[in-house]
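structure.pdb follows (PDB, C-alpha atoms):
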```pdb
ATOM      1  CA  MET A  23      98.032  80.406 116.766
ATOM      2  CA  GLU A  24     101.569  80.437 115.343
ATOM      3  CA  LEU A  25     103.428  82.268 112.641
ATOM      4  CA  ILE A  26     103.981  80.389 109.430
ATOM      5  CA  THR A  27     107.029  81.129 107.330
ATOM      6  CA  TRP A  28     107.949  81.017 103.678
ATOM      7  CA  PRO A  29     107.854  78.661 101.757
ATOM      8  CA  ASP A  30     104.510  77.698 103.342
ATOM      9  CA  GLU A  31     102.178  77.879 100.360
ATOM     10  CA  ARG A  32      99.385  79.492 102.409
ATOM     11  CA  LEU A  33     101.386  82.733 102.257
ATOM     12  CA  ARG A  34     100.805  82.698  98.484
ATOM     13  CA  ARG A  35      97.013  82.376  98.560
ATOM     14  CA  VAL A  36      94.467  85.159  98.170
ATOM     15  CA  ALA A  37      92.587  85.601 101.441
ATOM     16  CA  ASP A  38      88.768  85.516 101.602
ATOM     17  CA  VAL A  39      86.521  88.479 102.309
ATOM     18  CA  ILE A  40      85.153  88.546 105.867
ATOM     19  CA  ASP A  41      81.351  88.691 106.040
ATOM     20  CA  VAL A  42      80.643  87.400 109.552
ATOM     21  CA  PHE A  43      81.526  89.840 112.327
ATOM     22  CA  ASP A  44      80.964  87.808 115.463
ATOM     23  CA  LYS A  45      82.570  87.227 118.842
ATOM     24  CA  ALA A  46      84.680  84.357 117.490
ATOM     25  CA  LEU A  47      86.164  86.731 114.910
ATOM     26  CA  ARG A  48      87.060  89.244 117.613
ATOM     27  CA  GLU A  49      88.707  86.557 119.732
ATOM     28  CA  GLN A  50      90.677  85.356 116.733
ATOM     29  CA  ALA A  51      91.801  88.948 116.021
ATOM     30  CA  SER A  52      92.930  89.315 119.626
ATOM     31  CA  LYS A  53      95.091  86.204 119.296
ATOM     32  CA  LEU A  54      96.557  87.546 116.062
ATOM     33  CA  GLU A  55      97.493  90.789 117.802
ATOM     34  CA  ALA A  56      99.241  88.772 120.524
ATOM     35  CA  VAL A  57     101.326  87.013 117.870
ATOM     36  CA  MET A  58     102.288  90.401 116.415
ATOM     37  CA  ARG A  59     103.283  91.755 119.829
ATOM     38  CA  ALA A  60     105.468  88.692 120.432
ATOM     39  CA  GLY A  61     107.427  89.390 117.236
ATOM     40  CA  PRO A  62     110.710  91.278 117.411
ATOM     41  CA  ALA A  63     109.805  94.962 116.958
ATOM     42  CA  ALA A  64     106.887  94.018 114.718
ATOM     43  CA  VAL A  65     104.597  96.869 113.703
ATOM     44  CA  GLY A  66     101.979  94.876 111.843
ATOM     45  CA  ILE A  67     100.626  91.473 110.977
ATOM     46  CA  ALA A  68      98.172  90.024 108.483
ATOM     47  CA  ALA A  69      95.898  87.055 109.164
ATOM     48  CA  PRO A  70      97.492  84.859 106.459
ATOM     49  CA  GLN A  71     100.782  85.054 108.372
ATOM     50  CA  VAL A  72      99.280  82.584 110.861
ATOM     51  CA  GLY A  73      97.535  80.553 108.157
ATOM     52  CA  TRP A  74      94.193  82.320 108.724
ATOM     53  CA  LEU A  75      93.125  83.045 105.160
ATOM     54  CA  GLN A  76      90.764  85.955 105.686
ATOM     55  CA  ARG A  77      91.185  89.633 104.888
ATOM     56  CA  LEU A  78      92.233  91.124 108.229
ATOM     57  CA  VAL A  79      95.365  93.078 109.106
ATOM     58  CA  ILE A  80      96.620  94.746 112.255
ATOM     59  CA  VAL A  81      98.933  97.772 112.187
ATOM     60  CA  ASP A  82     100.397  99.587 115.155
ATOM     61  CA  VAL A  83     103.186 102.127 114.728
ATOM     62  CA  THR A  84     102.456 104.042 117.923
ATOM     63  CA  ALA A  85     105.960 103.289 119.214
ATOM     64  CA  ARG A  86     107.352 105.401 116.355
ATOM     65  CA  LYS A  87     107.791 109.147 116.252
ATOM     66  CA  GLY A  88     105.296 111.146 114.241
ATOM     67  CA  THR A  89     101.554 111.156 113.793
ATOM     68  CA  ASN A  90      99.669 107.952 113.151
ATOM     69  CA  ASN A  91      96.236 106.376 113.488
ATOM     70  CA  GLY A  92      97.028 104.338 116.587
ATOM     71  CA  LEU A  93      96.159 100.655 116.686
ATOM     72  CA  LEU A  94      94.437  99.752 113.408
ATOM     73  CA  ILE A  95      92.483  96.535 112.972
ATOM     74  CA  LEU A  96      91.346  96.569 109.357
ATOM     75  CA  LEU A  97      88.950  94.069 107.839
ATOM     76  CA  ASN A  98      88.464  93.838 104.078
ATOM     77  CA  PRO A  99      90.775  96.847 103.599
ATOM     78  CA  GLU A 100      91.205  98.577 100.269
ATOM     79  CA  ILE A 101      93.472 101.397  99.168
ATOM     80  CA  VAL A 102      91.184 103.945  97.510
ATOM     81  CA  GLN A 103      93.733 106.726  96.925
ATOM     82  CA  TRP A 104      97.490 106.946  96.904
ATOM     83  CA  GLN A 105     100.219 109.315  95.852
ATOM     84  CA  GLY A 106     103.982 109.686  95.798
ATOM     85  CA  SER A 107     106.529 106.945  96.239
ATOM     86  CA  VAL A 108     109.296 106.198  98.682
ATOM     87  CA  ILE A 109     111.878 103.478  99.031
ATOM     88  CA  GLY A 110     112.302 101.856 102.415
ATOM     89  CA  ARG A 111     113.958  98.841 103.952
ATOM     90  CA  GLU A 112     111.622  95.979 104.821
ATOM     91  CA  GLY A 113     111.763  92.643 106.512
ATOM     92  CA  CYS A 114     108.947  90.271 107.353
ATOM     93  CA  LEU A 115     107.968  87.973 110.221
ATOM     94  CA  SER A 116     107.188  85.371 107.548
ATOM     95  CA  VAL A 117     110.586  85.630 105.835
ATOM     96  CA  PRO A 118     113.171  85.592 108.636
ATOM     97  CA  GLU A 119     116.740  86.785 108.136
ATOM     98  CA  TYR A 120     116.129  88.718 104.956
ATOM     99  CA  THR A 121     115.634  92.396 104.214
ATOM    100  CA  GLY A 122     115.484  94.471 101.066
ATOM    101  CA  ASN A 123     114.525  97.827  99.626
ATOM    102  CA  VAL A 124     110.940  98.181  98.469
ATOM    103  CA  VAL A 125     109.058 100.989  96.696
ATOM    104  CA  ARG A 126     105.767 101.979  98.320
ATOM    105  CA  ALA A 127     103.242 104.797  97.978
ATOM    106  CA  ALA A 128     104.110 107.704 100.262
ATOM    107  CA  GLU A 129     100.537 108.561 101.224
ATOM    108  CA  LEU A 130      97.290 106.690 100.982
ATOM    109  CA  VAL A 131      93.635 106.616 101.924
ATOM    110  CA  ILE A 132      92.240 103.315 103.016
ATOM    111  CA  GLU A 133      88.683 102.087 103.454
ATOM    112  CA  ALA A 134      87.911  99.043 105.550
ATOM    113  CA  GLN A 135      85.539  97.624 108.135
ATOM    114  CA  ASP A 136      86.103  97.273 111.842
ATOM    115  CA  LEU A 137      85.560  94.166 113.977
ATOM    116  CA  TYR A 138      81.834  94.921 114.129
ATOM    117  CA  GLY A 139      81.432  95.375 110.379
ATOM    118  CA  GLU A 140      81.263  99.175 110.522
ATOM    119  CA  SER A 141      82.853 101.048 107.636
ATOM    120  CA  CYS A 142      85.938 103.122 108.393
ATOM    121  CA  ARG A 143      88.319 105.327 106.444
ATOM    122  CA  TYR A 144      91.881 106.371 107.320
ATOM    123  CA  GLU A 145      94.566 108.552 105.839
ATOM    124  CA  ALA A 146      98.123 107.374 106.379
ATOM    125  CA  SER A 147     101.557 108.514 105.310
ATOM    126  CA  GLY A 148     105.207 107.687 105.774
ATOM    127  CA  PHE A 149     106.095 104.651 107.849
ATOM    128  CA  GLU A 150     102.486 103.816 108.712
ATOM    129  CA  ALA A 151     101.491 103.872 105.029
ATOM    130  CA  ARG A 152     104.369 101.520 104.215
ATOM    131  CA  VAL A 153     103.282  99.072 106.918
ATOM    132  CA  ILE A 154      99.675  99.093 105.684
ATOM    133  CA  GLN A 155     100.802  98.327 102.135
ATOM    134  CA  HIS A 156     103.096  95.536 103.356
ATOM    135  CA  GLU A 157     100.169  93.949 105.233
ATOM    136  CA  LEU A 158      97.662  94.352 102.413
ATOM    137  CA  ASP A 159     100.049  92.504 100.128
ATOM    138  CA  HIS A 160      99.777  89.476 102.429
ATOM    139  CA  LEU A 161      96.022  89.386 101.760
ATOM    140  CA  ASP A 162      96.764  88.890  98.072
ATOM    141  CA  GLY A 163      99.497  86.298  98.517
ATOM    142  CA  LEU A 164     102.325  88.757  97.934
ATOM    143  CA  LEU A 165     105.517  89.014  99.983
ATOM    144  CA  PHE A 166     107.884  91.979 100.139
ATOM    145  CA  THR A 167     110.423  89.825  98.330
ATOM    146  CA  ASP A 168     108.217  90.139  95.229
ATOM    147  CA  ARG A 169     108.757  93.906  95.277
ATOM    148  CA  ILE A 170     112.438  94.233  96.197
ATOM    149  CA  VAL A 171     114.204  96.721  93.971
ATOM    150  CA  SER A 172     117.611  96.340  95.554
ATOM    151  CA  ARG A 173     119.321  94.557  98.388
ATOM    152  CA  ARG A 174     122.142  97.051  98.244
ATOM    153  CA  SER A 175     122.109 100.671  99.156
ATOM    154  CA  ASP A 176     122.031 102.383  95.756
ATOM    155  CA  LEU A 177     118.308 102.881  95.285
ATOM    156  CA  PHE A 178     117.724 103.313  98.981
ATOM    157  CA  LEU A 179     119.801 106.439  98.943
ATOM    158  CA  ARG A 180     117.833 108.195  96.232
ATOM    159  CA  GLN A 181     114.984 109.014  98.595
ATOM    160  CA  GLY A 182     117.374 111.209 100.546
ATOM    161  CA  GLY A 183     118.543 113.014  97.449
ATOM    162  CA  ALA A 184     122.129 111.826  97.784
TER
ATOM    163  CA  MET B  21     126.710  71.234 107.542
ATOM    164  CA  ALA B  22     128.867  73.271 109.912
ATOM    165  CA  GLU B  23     132.109  71.787 108.626
ATOM    166  CA  HIS B  24     133.701  71.642 105.190
ATOM    167  CA  TRP B  25     132.812  75.192 104.229
ATOM    168  CA  PHE B  26     135.121  77.163 101.968
ATOM    169  CA  MET B  27     135.219  80.714 100.646
ATOM    170  CA  LEU B  28     135.887  80.489  96.954
ATOM    171  CA  THR B  29     137.313  83.709  95.526
ATOM    172  CA  VAL B  30     137.317  83.998  91.746
ATOM    173  CA  VAL B  31     138.602  86.899  89.620
ATOM    174  CA  GLY B  32     138.908  87.224  85.888
ATOM    175  CA  ARG B  33     138.351  89.484  82.934
ATOM    176  CA  ASP B  34     134.590  89.772  82.478
ATOM    177  CA  ARG B  35     133.142  87.591  79.759
ATOM    178  CA  ALA B  36     129.826  85.859  79.083
ATOM    179  CA  GLY B  37     129.125  82.593  80.889
ATOM    180  CA  ILE B  38     131.361  82.798  83.956
ATOM    181  CA  VAL B  39     128.615  82.372  86.575
ATOM    182  CA  ALA B  40     126.671  79.678  84.732
ATOM    183  CA  GLN B  41     129.690  77.546  83.840
ATOM    184  CA  LEU B  42     131.308  77.790  87.249
ATOM    185  CA  ALA B  43     128.023  77.111  89.080
ATOM    186  CA  GLN B  44     127.236  74.129  86.876
ATOM    187  CA  THR B  45     130.707  72.658  87.419
ATOM    188  CA  LEU B  46     130.471  73.064  91.192
ATOM    189  CA  PHE B  47     126.956  71.635  91.301
ATOM    190  CA  ARG B  48     128.009  68.532  89.344
ATOM    191  CA  ALA B  49     130.970  68.074  91.680
ATOM    192  CA  GLY B  50     128.600  67.974  94.667
ATOM    193  CA  ALA B  51     128.959  71.485  96.093
ATOM    194  CA  ASP B  52     126.250  73.292  98.048
ATOM    195  CA  PHE B  53     126.248  77.078  97.908
ATOM    196  CA  GLY B  54     125.857  79.493 100.801
ATOM    197  CA  GLU B  55     125.945  83.265 100.535
ATOM    198  CA  ALA B  56     127.571  84.889  97.535
ATOM    199  CA  SER B  57     128.675  88.194  96.104
ATOM    200  CA  MET B  58     129.140  88.240  92.332
ATOM    201  CA  LEU B  59     129.796  91.563  90.673
ATOM    202  CA  ARG B  60     131.700  93.385  87.994
ATOM    203  CA  LEU B  61     134.476  95.678  89.192
ATOM    204  CA  GLY B  62     136.351  97.747  86.628
ATOM    205  CA  GLY B  63     135.904  95.260  83.794
ATOM    206  CA  ASN B  64     136.773  92.280  85.995
ATOM    207  CA  PHE B  65     134.196  89.784  87.151
ATOM    208  CA  THR B  66     134.569  88.938  90.822
ATOM    209  CA  ILE B  67     132.993  86.157  92.840
ATOM    210  CA  MET B  68     133.110  85.436  96.543
ATOM    211  CA  LEU B  69     131.095  82.319  97.135
ATOM    212  CA  MET B  70     130.535  80.197 100.219
ATOM    213  CA  VAL B  71     130.768  76.563  99.175
ATOM    214  CA  HIS B  72     130.027  73.480 101.245
ATOM    215  CA  PHE B  73     132.253  70.716  99.898
ATOM    216  CA  PRO B  74     132.669  67.617 102.082
ATOM    217  CA  ALA B  75     135.396  66.129  99.847
ATOM    218  CA  GLY B  76     137.778  68.855 101.014
ATOM    219  CA  GLU B  77     139.859  71.748  99.749
ATOM    220  CA  HIS B  78     142.145  69.838  97.378
ATOM    221  CA  SER B  79     139.235  68.086  95.691
ATOM    222  CA  LEU B  80     137.357  71.414  95.380
ATOM    223  CA  ALA B  81     140.346  72.999  93.667
ATOM    224  CA  GLU B  82     140.689  70.048  91.280
ATOM    225  CA  SER B  83     137.003  70.067  90.403
ATOM    226  CA  ILE B  84     137.075  73.633  89.073
ATOM    227  CA  LYS B  85     140.611  73.665  87.644
ATOM    228  CA  ALA B  86     139.551  72.978  84.052
ATOM    229  CA  VAL B  87     136.705  75.495  83.928
ATOM    230  CA  ALA B  88     138.884  78.144  85.585
ATOM    231  CA  GLU B  89     141.592  77.647  82.965
ATOM    232  CA  HIS B  90     139.029  77.701  80.159
ATOM    233  CA  LEU B  91     137.556  80.997  81.409
ATOM    234  CA  GLN B  92     140.958  82.391  82.430
ATOM    235  CA  LEU B  93     139.905  82.817  86.040
ATOM    236  CA  ARG B  94     142.179  83.049  89.053
ATOM    237  CA  VAL B  95     140.872  81.058  92.011
ATOM    238  CA  HIS B  96     141.630  81.177  95.710
ATOM    239  CA  ILE B  97     140.149  78.902  98.375
ATOM    240  CA  ASP B  98     139.993  79.442 102.143
ATOM    241  CA  PRO B  99     138.475  77.117 104.757
ATOM    242  CA  ILE B 100     135.859  79.077 106.752
ATOM    243  CA  ASP B 101     133.155  78.741 109.405
ATOM    244  CA  SER B 102     129.734  78.943 107.777
ATOM    245  CA  HIS B 103     127.687  81.218 110.111
ATOM    246  CA  LEU B 104     124.653  81.192 107.856
ATOM    247  CA  HIS B 105     121.387  82.690 109.124
ATOM    248  CA  GLU B 106     123.237  85.335 111.083
ATOM    249  CA  ASN B 107     122.559  88.321 108.862
ATOM    250  CA  GLU B 108     122.918  91.557 110.726
ATOM    251  CA  ALA B 109     120.719  94.423 109.577
ATOM    252  CA  ALA B 110     122.245  97.847 109.008
ATOM    253  CA  ASP B 111     120.766 100.745 110.946
ATOM    254  CA  VAL B 112     122.509 103.480 108.988
ATOM    255  CA  VAL B 113     123.691 104.214 105.459
ATOM    256  CA  VAL B 114     126.474 106.727 104.820
ATOM    257  CA  SER B 115     126.800 108.162 101.341
ATOM    258  CA  ILE B 116     130.038 109.914 100.401
ATOM    259  CA  SER B 117     131.030 111.460  97.110
ATOM    260  CA  GLY B 118     133.591 113.965  95.994
ATOM    261  CA  ALA B 119     136.554 114.634  93.750
ATOM    262  CA  ASP B 120     138.707 111.522  93.666
ATOM    263  CA  GLN B 121     141.621 111.918  96.037
ATOM    264  CA  ALA B 122     144.206 109.633  97.562
ATOM    265  CA  GLY B 123     143.235 108.279 100.957
ATOM    266  CA  ILE B 124     139.517 109.029 100.779
ATOM    267  CA  VAL B 125     138.419 105.516 101.803
ATOM    268  CA  ALA B 126     141.000 105.264 104.567
ATOM    269  CA  GLY B 127     140.144 108.708 105.889
ATOM    270  CA  VAL B 128     136.388 108.240 105.912
ATOM    271  CA  THR B 129     136.275 104.704 107.287
ATOM    272  CA  THR B 130     138.884 105.335 109.980
ATOM    273  CA  ARG B 131     136.973 108.291 111.331
ATOM    274  CA  LEU B 132     133.604 106.503 111.171
ATOM    275  CA  ALA B 133     135.037 103.431 112.903
ATOM    276  CA  ALA B 134     136.419 105.628 115.653
ATOM    277  CA  VAL B 135     132.885 106.823 116.509
ATOM    278  CA  GLY B 136     131.413 103.336 116.565
ATOM    279  CA  LEU B 137     130.405 102.430 113.008
ATOM    280  CA  ASP B 138     130.673  98.722 112.234
ATOM    281  CA  ILE B 139     130.764  98.441 108.448
ATOM    282  CA  LEU B 140     128.556  95.637 107.074
ATOM    283  CA  ASN B 141     128.727  96.509 103.400
ATOM    284  CA  LEU B 142     130.724  99.008 101.368
ATOM    285  CA  ASP B 143     130.534  99.579  97.668
ATOM    286  CA  SER B 144     132.219 102.269  95.686
ATOM    287  CA  THR B 145     132.843 103.386  92.169
ATOM    288  CA  VAL B 146     134.749 106.052  90.320
ATOM    289  CA  ALA B 147     132.210 108.088  88.359
ATOM    290  CA  GLY B 148     132.646 111.325  86.410
ATOM    291  CA  SER B 149     135.040 111.681  83.487
ATOM    292  CA  GLU B 150     138.662 110.566  83.188
ATOM    293  CA  ALA B 151     139.709 114.203  83.426
ATOM    294  CA  SER B 152     137.528 114.862  86.435
ATOM    295  CA  PRO B 153     136.895 111.641  88.372
ATOM    296  CA  VAL B 154     134.371 111.542  91.206
ATOM    297  CA  TYR B 155     134.628 108.942  93.951
ATOM    298  CA  VAL B 156     131.261 107.612  95.130
ATOM    299  CA  MET B 157     131.092 105.404  98.205
ATOM    300  CA  ARG B 158     128.124 103.945 100.033
ATOM    301  CA  ILE B 159     128.526 102.329 103.397
ATOM    302  CA  GLU B 160     125.917 100.303 105.276
ATOM    303  CA  GLY B 161     126.619  99.693 108.898
ATOM    304  CA  ARG B 162     125.573  99.503 112.495
ATOM    305  CA  ALA B 163     126.179 102.524 114.638
ATOM    306  CA  ARG B 164     127.317 100.867 117.843
ATOM    307  CA  GLU B 165     127.243 104.103 119.819
ATOM    308  CA  GLY B 166     124.136 105.548 118.159
ATOM    309  CA  ILE B 167     123.664 107.369 114.890
ATOM    310  CA  GLU B 168     124.160 110.746 116.615
ATOM    311  CA  ALA B 169     127.766 109.760 117.309
ATOM    312  CA  LEU B 170     128.417 109.736 113.557
ATOM    313  CA  GLU B 171     127.048 113.223 112.915
ATOM    314  CA  PRO B 172     130.191 115.218 113.879
ATOM    315  CA  VAL B 173     132.253 113.117 111.468
ATOM    316  CA  ILE B 174     129.749 113.710 108.672
ATOM    317  CA  ALA B 175     129.868 117.468 109.368
ATOM    318  CA  GLU B 176     133.670 117.356 109.317
ATOM    319  CA  LEU B 177     133.674 115.562 105.951
ATOM    320  CA  GLN B 178     131.286 118.170 104.562
ATOM    321  CA  ARG B 179     133.609 120.977 105.719
ATOM    322  CA  GLU B 180     136.421 119.233 103.862
ATOM    323  CA  GLY B 181     134.426 119.484 100.632
ATOM    324  CA  LEU B 182     132.950 116.012 100.414
ATOM    325  CA  ASP B 183     129.280 115.423  99.784
ATOM    326  CA  ALA B 184     128.508 113.354 102.885
ATOM    327  CA  VAL B 185     124.997 112.265 103.890
ATOM    328  CA  LEU B 186     123.793 110.117 106.765
ATOM    329  CA  HIS B 187     120.581 108.097 106.346
ATOM    330  CA  PRO B 188     119.072 106.209 109.295
ATOM    331  CA  VAL B 189     117.566 102.941 108.034
ATOM    332  CA  ASP B 190     113.910 102.956 109.005
ATOM    333  CA  MET B 191     113.495  99.184 109.049
ATOM    334  CA  LEU B 192     109.976  97.842 108.773
ATOM    335  CA  ILE B 193     109.317  94.370 110.211
ATOM    336  CA  ALA B 194     105.720  93.259 109.805
TER
END
```

Would you write the structure of this file as C-alpha cells?
Amino acid sequence: MELITWPDERLRRVADVIDVFDKALREQASKLEAVMRAGPAAVGIAAPQVGWLQRLVIVDVTARKGTNNGLLILLNPEIVQWQGSVIGREGCLSVPEYTGNVVRAAELVIEAQDLYGESCRYEASGFEARVIQHELDHLDGLLFTDRIVSRRSDLFLRQGGA
Amino acid sequence: MAEHWFMLTVVGRDRAGIVAQLAQTLFRAGADFGEASMLRLGGNFTIMLMVHFPAGEHSLAESIKAVAEHLQLRVHIDPIDSHLHENEAADVVVSISGADQAGIVAGVTTRLAAVGLDILNLDSTVAGSEASPVYVMRIEGRAREGIEALEPVIAELQREGLDAVLHPVDMLIA
C-alpha cells in the first residue's frame, strides 16, 4: 500500500460507501494507518490517498496539546452539525511541497461507523475538527487546494484578531 | 533542468495586460517558468519570475525586449540556481502595525533576526490616510531558536507603541 499523489485522478473520485465489515477490511485499515504513521508528522489519512476508493478515514491528533477523541477510524463518516469558522494552514501527503490557508468549521459533530459496522458519534473542535474535515474532503474527491483562500499571511492573521 | 535558470525582474507602471503579454512572449520563445511573485506595489506592477531558458541570458533579454518597450517595463536578469521543490514552511507569523515611522522595518527585522527568526516572506503596506499613515507589516518565518525566543521582542515592540502579535502556525499535514 503506497501513497498516491496529485495529479493521480483517483484523488478526484468520489469514494464508495462501505457495507462489508470483515476481517479483510480491518487488515486493510491497519495498513492504511501504517502509511499515515510513516508520513512526516501526519495526523490523518483517507483511504483514497492510497488509491483505495472507499469511505474510510483515520485521524489521530493525540500528539497535540488539548483534548481530542484519540485514534479515530471512521467509516462512512458524515458531518451532522457544525458551527463557527477558522482559518488554518494546511498541507497534504497527496500534494507534497505545497501549503495554503483554508477555512474550516471550528466545531463539528460527526456520525460514522466503526470497523465492525457499529454506529458512532463524536464531537470535535479546533485542530482535530480541521483534520476530520480535510480527510472527509478526500472521500468526495476534494483536495485542500480547492479551498485555499490565501497562500500569503493576510487572511491567516484575521483569526488572531490582528 | 538544473542549469540555465534566470531570475527575471520586471517593474513598470501598472496597466492591463502585462502578465499575459509577457508570459505569452516568453512561452513562444521557449521559456519554462518556475516560481513567481507578481504583485502591485504602490501603483507599479512588479514581477520576479524564475525562467528556465537554455538559449542563455542574452537571448532571453532579446526575446522580451520588444514587449518590454511596448509596455514600458524595466527588466533585469540574473543567472540563478533553481532549487525548486525546496519550499520551507513557516512556523510563525508576526504581525506588526503602527504609526508610520522611519526605521520601522529595520528595527523590527533586526531585533527578530537577533533572536533566531529566519524571514521567509514579508509583505507590507502603508494604510491609513495621507495625514495619518499606518504601517502594516506581516512576516512569515521560521523561529530557529523556538517561538518563545521571539516573545520578549514582541513585548518590547508593544511597549514602544506598536501593535505587535505573534501567531504560531498550526500546520496540518494529513

Counting only C-alpha atoms, a student should be able to say which residues of chain B come within 12 Å of chain A; what is the right answer, written as an mmCIF file with C-alpha atoms, keeping the file's coordinate frame?
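Ended up saving to out_30.cif:
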```
data_model
loop_
_atom_site.group_PDB
_atom_site.id
_atom_site.type_symbol
_atom_site.label_atom_id
_atom_site.label_comp_id
_atom_site.auth_asym_id
_atom_site.auth_seq_id
_atom_site.Cartn_x
_atom_site.Cartn_y
_atom_site.Cartn_z
ATOM 1 C CA SER B 57 128.675 88.194 96.104
ATOM 2 C CA LEU B 104 124.653 81.192 107.856
ATOM 3 C CA HIS B 105 121.387 82.690 109.124
ATOM 4 C CA GLU B 106 123.237 85.335 111.083
ATOM 5 C CA ASN B 107 122.559 88.321 108.862
ATOM 6 C CA GLU B 108 122.918 91.557 110.726
ATOM 7 C CA ALA B 109 120.719 94.423 109.577
ATOM 8 C CA ALA B 110 122.245 97.847 109.008
ATOM 9 C CA ASP B 111 120.766 100.745 110.946
ATOM 10 C CA VAL B 112 122.509 103.480 108.988
ATOM 11 C CA VAL B 113 123.691 104.214 105.459
ATOM 12 C CA VAL B 114 126.474 106.727 104.820
ATOM 13 C CA SER B 115 126.800 108.162 101.341
ATOM 14 C CA ILE B 116 130.038 109.914 100.401
ATOM 15 C CA SER B 117 131.030 111.460 97.110
ATOM 16 C CA GLY B 118 133.591 113.965 95.994
ATOM 17 C CA LEU B 140 128.556 95.637 107.074
ATOM 18 C CA ASN B 141 128.727 96.509 103.400
ATOM 19 C CA LEU B 142 130.724 99.008 101.368
ATOM 20 C CA ASP B 143 130.534 99.579 97.668
ATOM 21 C CA SER B 144 132.219 102.269 95.686
ATOM 22 C CA THR B 145 132.843 103.386 92.169
ATOM 23 C CA VAL B 156 131.261 107.612 95.130
ATOM 24 C CA MET B 157 131.092 105.404 98.205
ATOM 25 C CA ARG B 158 128.124 103.945 100.033
ATOM 26 C CA ILE B 159 128.526 102.329 103.397
ATOM 27 C CA GLU B 160 125.917 100.303 105.276
ATOM 28 C CA GLY B 161 126.619 99.693 108.898
ATOM 29 C CA LEU B 182 132.950 116.012 100.414
ATOM 30 C CA ASP B 183 129.280 115.423 99.784
ATOM 31 C CA ALA B 184 128.508 113.354 102.885
ATOM 32 C CA VAL B 185 124.997 112.265 103.890
ATOM 33 C CA LEU B 186 123.793 110.117 106.765
ATOM 34 C CA HIS B 187 120.581 108.097 106.346
ATOM 35 C CA PRO B 188 119.072 106.209 109.295
ATOM 36 C CA VAL B 189 117.566 102.941 108.034
ATOM 37 C CA ASP B 190 113.910 102.956 109.005
ATOM 38 C CA MET B 191 113.495 99.184 109.049
ATOM 39 C CA LEU B 192 109.976 97.842 108.773
ATOM 40 C CA ILE B 193 109.317 94.370 110.211
ATOM 41 C CA ALA B 194 105.720 93.259 109.805
#
```

- Task: Would you list the residues near (141.1, 71.7, 89.0), meaning any protein, DNA or RNA residue with an atom at most 12 Å from that point in file coordinates, counting all atoms listed in the file, as an MDAnalysis selection string?
- Result: chainID B and resid 42 45:46 49 77:90 93:97

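Take CA of Val31 (chain B) and CA of Asn64 (chain B): the distance between them is 6.7 Å.
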
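Between CA of Asn90 (chain A) and CA of Ala134 (chain A) the interatomic distance comes to 16.6 Å.
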
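Take CA of Cys142 (chain A) and CA of Asp38 (chain A): the distance between them is 19.1 Å.
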
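If you measure from each of B:Leu59, B:Val173, B:Met27, B:Ala43 to Thr130 (chain B) using only C-alpha atoms, the closest one turns out to be B:Val173.
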
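Of the listed residues A:Tyr138, A:Glu129, A:Asn98, A:Leu93, the one whose atoms come nearest to Arg48 (chain A) is A:Tyr138, with distances taken using all atoms listed in the file.
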
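Residue nearest Ala56 (chain A), chosen from A:Val36, A:Val42, A:Met23, A:Leu158 and counting only C-alpha atoms: A:Met23.
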
> Which residues, protein or nucleic acid, reach to within 9 Å of (106.5, 83.3, 101.4) in the file's coordinates when using only C-alpha atoms, and can you give that as a PyMOL selection string?
Replying inline: chain A and resi 26-34+116-117+163-167

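Residues matching the PyMOL selection byres ((chain A and resi 97) around 6) in this structure come to Arg77, Leu78, Leu96, Asn98, Pro99, Ala134, Gln135 and Asp136 of chain A.
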
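Against this structure, the PyMOL selection byres ((chain B and resi 163) around 8) ends up with Asp111, Val112, Gly136, Leu137, Asp138, Gly161, Arg162, Arg164, Glu165, Gly166, Ile167, Ala169 and Leu170 of chain B.
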
The residue from A:Ile170, A:Gly148, A:Lys45, A:Glu55 with the smallest atom-to-atom distance to Thr89 (chain A), counting only C-alpha atoms, is A:Gly148

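Closest approach to Val125 (chain A) among A:Arg86, A:Arg143, A:Arg169, A:Arg35 is made by A:Arg169 (distances from only C-alpha atoms).
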
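What the PyMOL selection byres ((chain B and resi 23) around 9) matches in the given file is B:Met21, B:Ala22, B:His24, B:Trp25, B:His72, B:Phe73, B:Pro74, B:Ile100, B:Asp101, B:Ser102.
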
Quick one: axis-aligned box around all listed atoms of region 41-59 of chain B, 3 Å on every side, centre and edge lengths in Å to one decimal, written as JSON.
```
{"center_x": 128.6, "center_y": 79.8, "center_z": 92.3, "size_x": 11.5, "size_y": 29.6, "size_z": 23.0}
```

Some atoms are absent from region 53-58 of chain B, so rebuild N, CA, C and O atoms and return them as an mmCIF file, in the frame of the given file.
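Listed below is the output, result_1.cif:
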```cif
data_model
loop_
_atom_site.group_PDB
_atom_site.id
_atom_site.type_symbol
_atom_site.label_atom_id
_atom_site.label_comp_id
_atom_site.auth_asym_id
_atom_site.auth_seq_id
_atom_site.Cartn_x
_atom_site.Cartn_y
_atom_site.Cartn_z
ATOM 1 N N PHE B 53 125.873 75.666 97.808
ATOM 2 C CA PHE B 53 126.248 77.078 97.908
ATOM 3 C C PHE B 53 125.648 77.725 99.145
ATOM 4 O O PHE B 53 124.531 77.416 99.537
ATOM 5 N N GLY B 54 126.388 78.658 99.726
ATOM 6 C CA GLY B 54 125.857 79.493 100.801
ATOM 7 C C GLY B 54 125.646 80.896 100.267
ATOM 8 O O GLY B 54 125.102 81.076 99.186
ATOM 9 N N GLU B 55 126.122 81.889 100.988
ATOM 10 C CA GLU B 55 125.945 83.265 100.535
ATOM 11 C C GLU B 55 126.988 83.599 99.472
ATOM 12 O O GLU B 55 128.068 82.995 99.437
ATOM 13 N N ALA B 56 126.658 84.564 98.628
ATOM 14 C CA ALA B 56 127.571 84.889 97.535
ATOM 15 C C ALA B 56 127.519 86.365 97.190
ATOM 16 O O ALA B 56 126.509 87.029 97.379
ATOM 17 N N SER B 57 128.616 86.865 96.710
ATOM 18 C CA SER B 57 128.675 88.194 96.104
ATOM 19 C C SER B 57 129.300 87.991 94.732
ATOM 20 O O SER B 57 130.397 87.449 94.625
ATOM 21 N N MET B 58 128.595 88.367 93.685
ATOM 22 C CA MET B 58 129.140 88.240 92.332
ATOM 23 C C MET B 58 128.914 89.573 91.643
ATOM 24 O O MET B 58 127.779 89.978 91.452
#
```
